[in-house]
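Participant: This is the structure I want to talk about, given as structure tokens.
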Amino acid sequence: MRSNVIKEEDAEIYIYGINQIFVSVLNVSSALIIGLILGMLLESVIFLAAYIPLRSFAGGYHAKTPVRCYFTSVFLIFAVLLFCKYIPFNLLLHGGILIINSAICAFLCPVQDNNKPLDAVECKRYKKIAIVILLIEACAWMIAPFVIYMLGKIISIAIFLETIMLLLGKIKTNL
């Protein structure tokens, strides 16, 4: 029996939204499980907190299929956490990474995908929000050594990774 709560012409939008929620929950859950397995749950949470908001507004490369997206995400979180675990933190190096990549991100963003085109007003709004996120993350990076040692390293890596995704997205859309 149909209740006709959702109009038939809107059904595709709802299905897409539910699918996106499922994919997001799967990606975040996988990242947290990888963090647990590596004994780096806190680092995993910090990375997600730094990366997801920036990625949401700055944009960048998107895989062609949800399966590729998932496996790319799993690989990236695994690589980021291993990098954090085995590469020592160097304040000067990570400060340089933060400054250079923040500037590149601010300049390039937003990089839209063919599946999610933005109009001029949205581009301006997304750019402003991405820059605010970068500024907040830069402030968090500056206080990091006094709060959580790994925080600064993870923030600089998250911004570096987003810069790579922006560059790859630019390359993909210009081909």
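Identifiers for the structure tokens are assigned positionally: chains receive A, B, ... in sequence, residues are indexed from 1 per chain, and ligands are indexed from 1 in the order shown.
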Within 10 Å of Leu93 in chain A, counting only C-alpha atoms, which residues qualify if same-chain residues fewer than 5 places away don't, as a PDB file with C-alpha atoms, in the first residue's frame?

Facilitator:
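File written: selection-v3.pdb
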ATOM      1  CA  LEU A  98      50.157  24.151   6.608  1.00  0.00           C
ATOM      2  CA  LYS A 153      50.491  17.012  12.474  1.00  0.00           C
ATOM      3  CA  SER A 156      48.606  19.861   8.359  1.00  0.00           C
TER       4      SER A 156
END

Participant: If we count only C-alpha atoms, what is near Gln112 in chain A at a cut-off of 7 Å, once residues fewer than 3 positions away on the same chain are taken out, given as a VMD selection string?

Facilitator: chain A and resid 59 to 60 116 to 118

Participant: Save the residues we just selected, N, CA and C atoms, as an mmCIF file, in the first residue's frame?

Facilitator:
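The resulting file, result_36.cif, is shown below:
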data_model
loop_
_atom_site.group_PDB
_atom_site.id
_atom_site.type_symbol
_atom_site.label_atom_id
_atom_site.label_comp_id
_atom_site.auth_asym_id
_atom_site.auth_seq_id
_atom_site.Cartn_x
_atom_site.Cartn_y
_atom_site.Cartn_z
ATOM 1 N N GLY A 59 35.851 21.108 -2.043
ATOM 2 C CA GLY A 59 35.627 20.218 -3.189
ATOM 3 C C GLY A 59 36.871 19.467 -3.568
ATOM 4 N N GLY A 60 36.970 19.145 -4.869
ATOM 5 C CA GLY A 60 38.135 18.429 -5.360
ATOM 6 C C GLY A 60 37.761 17.181 -6.119
ATOM 7 N N LYS A 116 28.146 17.766 -9.328
ATOM 8 C CA LYS A 116 27.651 18.795 -8.419
ATOM 9 C C LYS A 116 28.144 20.170 -8.874
ATOM 10 N N PRO A 117 27.595 20.667 -9.986
ATOM 11 C CA PRO A 117 28.017 21.994 -10.443
ATOM 12 C C PRO A 117 27.518 23.084 -9.490
ATOM 13 N N LEU A 118 28.288 24.137 -9.375
ATOM 14 C CA LEU A 118 27.939 25.263 -8.508
ATOM 15 C C LEU A 118 27.738 26.503 -9.368
#

Participant: To one decimal in Å, tell me the separation between CA of Met150 in chain A and CA of Val111 in chain A.

Facilitator: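 Answer for the CA of Met150 in chain A to CA of Val111 in chain A separation: 28.7 Å.
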
Participant: Would you list the contacts of range 25-28 of chain A as a PyMOL selection string, taking every protein, DNA or RNA residue within 12 Å and counting only C-alpha atoms, but skipping same-chain residues closer than 5 positions in sequence?

Facilitator: chain A and resi 18-20+33-35+41+44-49+51-52+66-77

Participant: Just to confirm, what's the straight-line distance from CA of Asn101 in chain A to CA of Ile143 in chain A in Å (one decimal)?

Facilitator: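 So the answer is 18.7 Å.
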
Participant: For Ile154 in chain A, please output as a PyMOL selection string all residues within 12 Å (counting only C-alpha atoms; exclusion window: fewer than 6 positions along the same chain).

Facilitator: chain A and resi 40+42-51+77+79-85+87-91+94-95+97-98+137-138+140-141+144-145+148+160-161

Participant: For the residues selected in the previous step, produce a file with N, CA and C atoms as a compact mmCIF listing (two decimals), in the first residue's frame.

Facilitator:
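The resulting file, again_27.txt, is reproduced below:
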# COMPACT_ATOMS: atom_id res chain seq x y z
N MET A 40 44.80 4.04 16.91
CA MET A 40 44.86 5.49 16.65
C MET A 40 43.46 6.07 16.47
N LEU A 42 41.78 8.28 18.33
CA LEU A 42 41.76 9.72 18.51
C LEU A 42 42.29 10.43 17.27
N GLU A 43 43.38 9.93 16.72
CA GLU A 43 43.95 10.52 15.52
C GLU A 43 42.99 10.44 14.34
N SER A 44 42.28 9.31 14.25
CA SER A 44 41.29 9.12 13.20
C SER A 44 40.15 10.15 13.34
N VAL A 45 39.69 10.34 14.54
CA VAL A 45 38.61 11.32 14.79
C VAL A 45 39.08 12.73 14.45
N ILE A 46 40.29 13.07 14.87
CA ILE A 46 40.84 14.40 14.60
C ILE A 46 40.97 14.61 13.09
N PHE A 47 41.47 13.61 12.38
CA PHE A 47 41.60 13.73 10.93
C PHE A 47 40.25 13.97 10.29
N LEU A 48 39.26 13.18 10.65
CA LEU A 48 37.92 13.35 10.07
C LEU A 48 37.35 14.74 10.39
N ALA A 49 37.58 15.21 11.61
CA ALA A 49 37.07 16.52 12.01
C ALA A 49 37.74 17.65 11.23
N ALA A 50 38.99 17.46 10.85
CA ALA A 50 39.70 18.48 10.07
C ALA A 50 39.40 18.35 8.57
N TYR A 51 39.33 17.14 8.09
CA TYR A 51 39.24 16.90 6.65
C TYR A 51 37.82 17.06 6.09
N ILE A 77 42.80 7.07 4.47
CA ILE A 77 42.81 7.13 5.94
C ILE A 77 43.89 6.22 6.50
N ALA A 79 46.71 5.40 4.99
CA ALA A 79 47.99 6.06 4.70
C ALA A 79 48.24 7.22 5.66
N VAL A 80 47.22 8.03 5.90
CA VAL A 80 47.36 9.18 6.80
C VAL A 80 47.72 8.71 8.21
N LEU A 81 47.03 7.70 8.69
CA LEU A 81 47.30 7.22 10.05
C LEU A 81 48.69 6.58 10.16
N LEU A 82 49.09 5.84 9.15
CA LEU A 82 50.44 5.26 9.18
C LEU A 82 51.50 6.36 9.13
N PHE A 83 51.26 7.39 8.32
CA PHE A 83 52.17 8.53 8.26
C PHE A 83 52.29 9.16 9.65
N CYS A 84 51.15 9.38 10.29
CA CYS A 84 51.15 9.98 11.63
C CYS A 84 51.89 9.11 12.64
N LYS A 85 51.76 7.81 12.48
CA LYS A 85 52.36 6.89 13.44
C LYS A 85 53.88 6.80 13.29
N ILE A 87 56.08 8.80 11.02
CA ILE A 87 56.88 9.95 10.62
C ILE A 87 56.87 10.96 11.77
N PRO A 88 58.03 11.31 12.28
CA PRO A 88 58.08 12.22 13.43
C PRO A 88 57.54 13.61 13.07
N PHE A 89 56.98 14.26 14.08
CA PHE A 89 56.44 15.60 13.91
C PHE A 89 57.57 16.61 13.96
N ASN A 90 57.63 17.45 12.94
CA ASN A 90 58.61 18.52 12.87
C ASN A 90 57.82 19.82 12.74
N LEU A 91 57.87 20.64 13.76
CA LEU A 91 57.06 21.87 13.79
C LEU A 91 57.30 22.74 12.58
N HIS A 94 55.88 20.90 9.30
CA HIS A 94 54.42 20.88 9.27
C HIS A 94 53.83 22.29 9.23
N GLY A 95 54.53 23.25 9.81
CA GLY A 95 54.10 24.65 9.69
C GLY A 95 54.18 25.12 8.25
N ILE A 97 54.10 23.14 5.59
CA ILE A 97 53.05 22.40 4.87
C ILE A 97 51.70 23.11 5.06
N LEU A 98 51.42 23.48 6.29
CA LEU A 98 50.16 24.15 6.61
C LEU A 98 50.02 25.46 5.84
N GLU A 137 41.33 25.97 11.33
CA GLU A 137 42.29 24.88 11.44
C GLU A 137 43.70 25.40 11.68
N ALA A 138 44.04 26.55 11.11
CA ALA A 138 45.35 27.16 11.37
C ALA A 138 45.46 27.58 12.83
N ALA A 140 43.79 26.21 15.33
CA ALA A 140 43.89 24.96 16.09
C ALA A 140 45.30 24.40 15.99
N TRP A 141 45.92 24.53 14.81
CA TRP A 141 47.29 24.05 14.62
C TRP A 141 48.25 24.79 15.55
N ALA A 144 47.83 23.54 19.05
CA ALA A 144 47.95 22.08 19.14
C ALA A 144 49.06 21.58 20.05
N PRO A 145 50.27 22.12 19.94
CA PRO A 145 51.35 21.58 20.79
C PRO A 145 51.06 21.68 22.29
N ILE A 148 46.94 18.75 22.31
CA ILE A 148 47.14 17.36 21.87
C ILE A 148 48.29 17.37 20.87
N PHE A 160 47.02 19.22 3.53
CA PHE A 160 47.85 18.74 2.43
C PHE A 160 47.04 17.79 1.53
N LEU A 161 46.35 16.84 2.14
CA LEU A 161 45.55 15.89 1.37
C LEU A 161 44.45 16.60 0.58

Participant: Report, in Å to a single decimal, how far apart CA of Tyr149 in chain A and CA of Leu32 in chain A are.

Facilitator: 19.6 Å
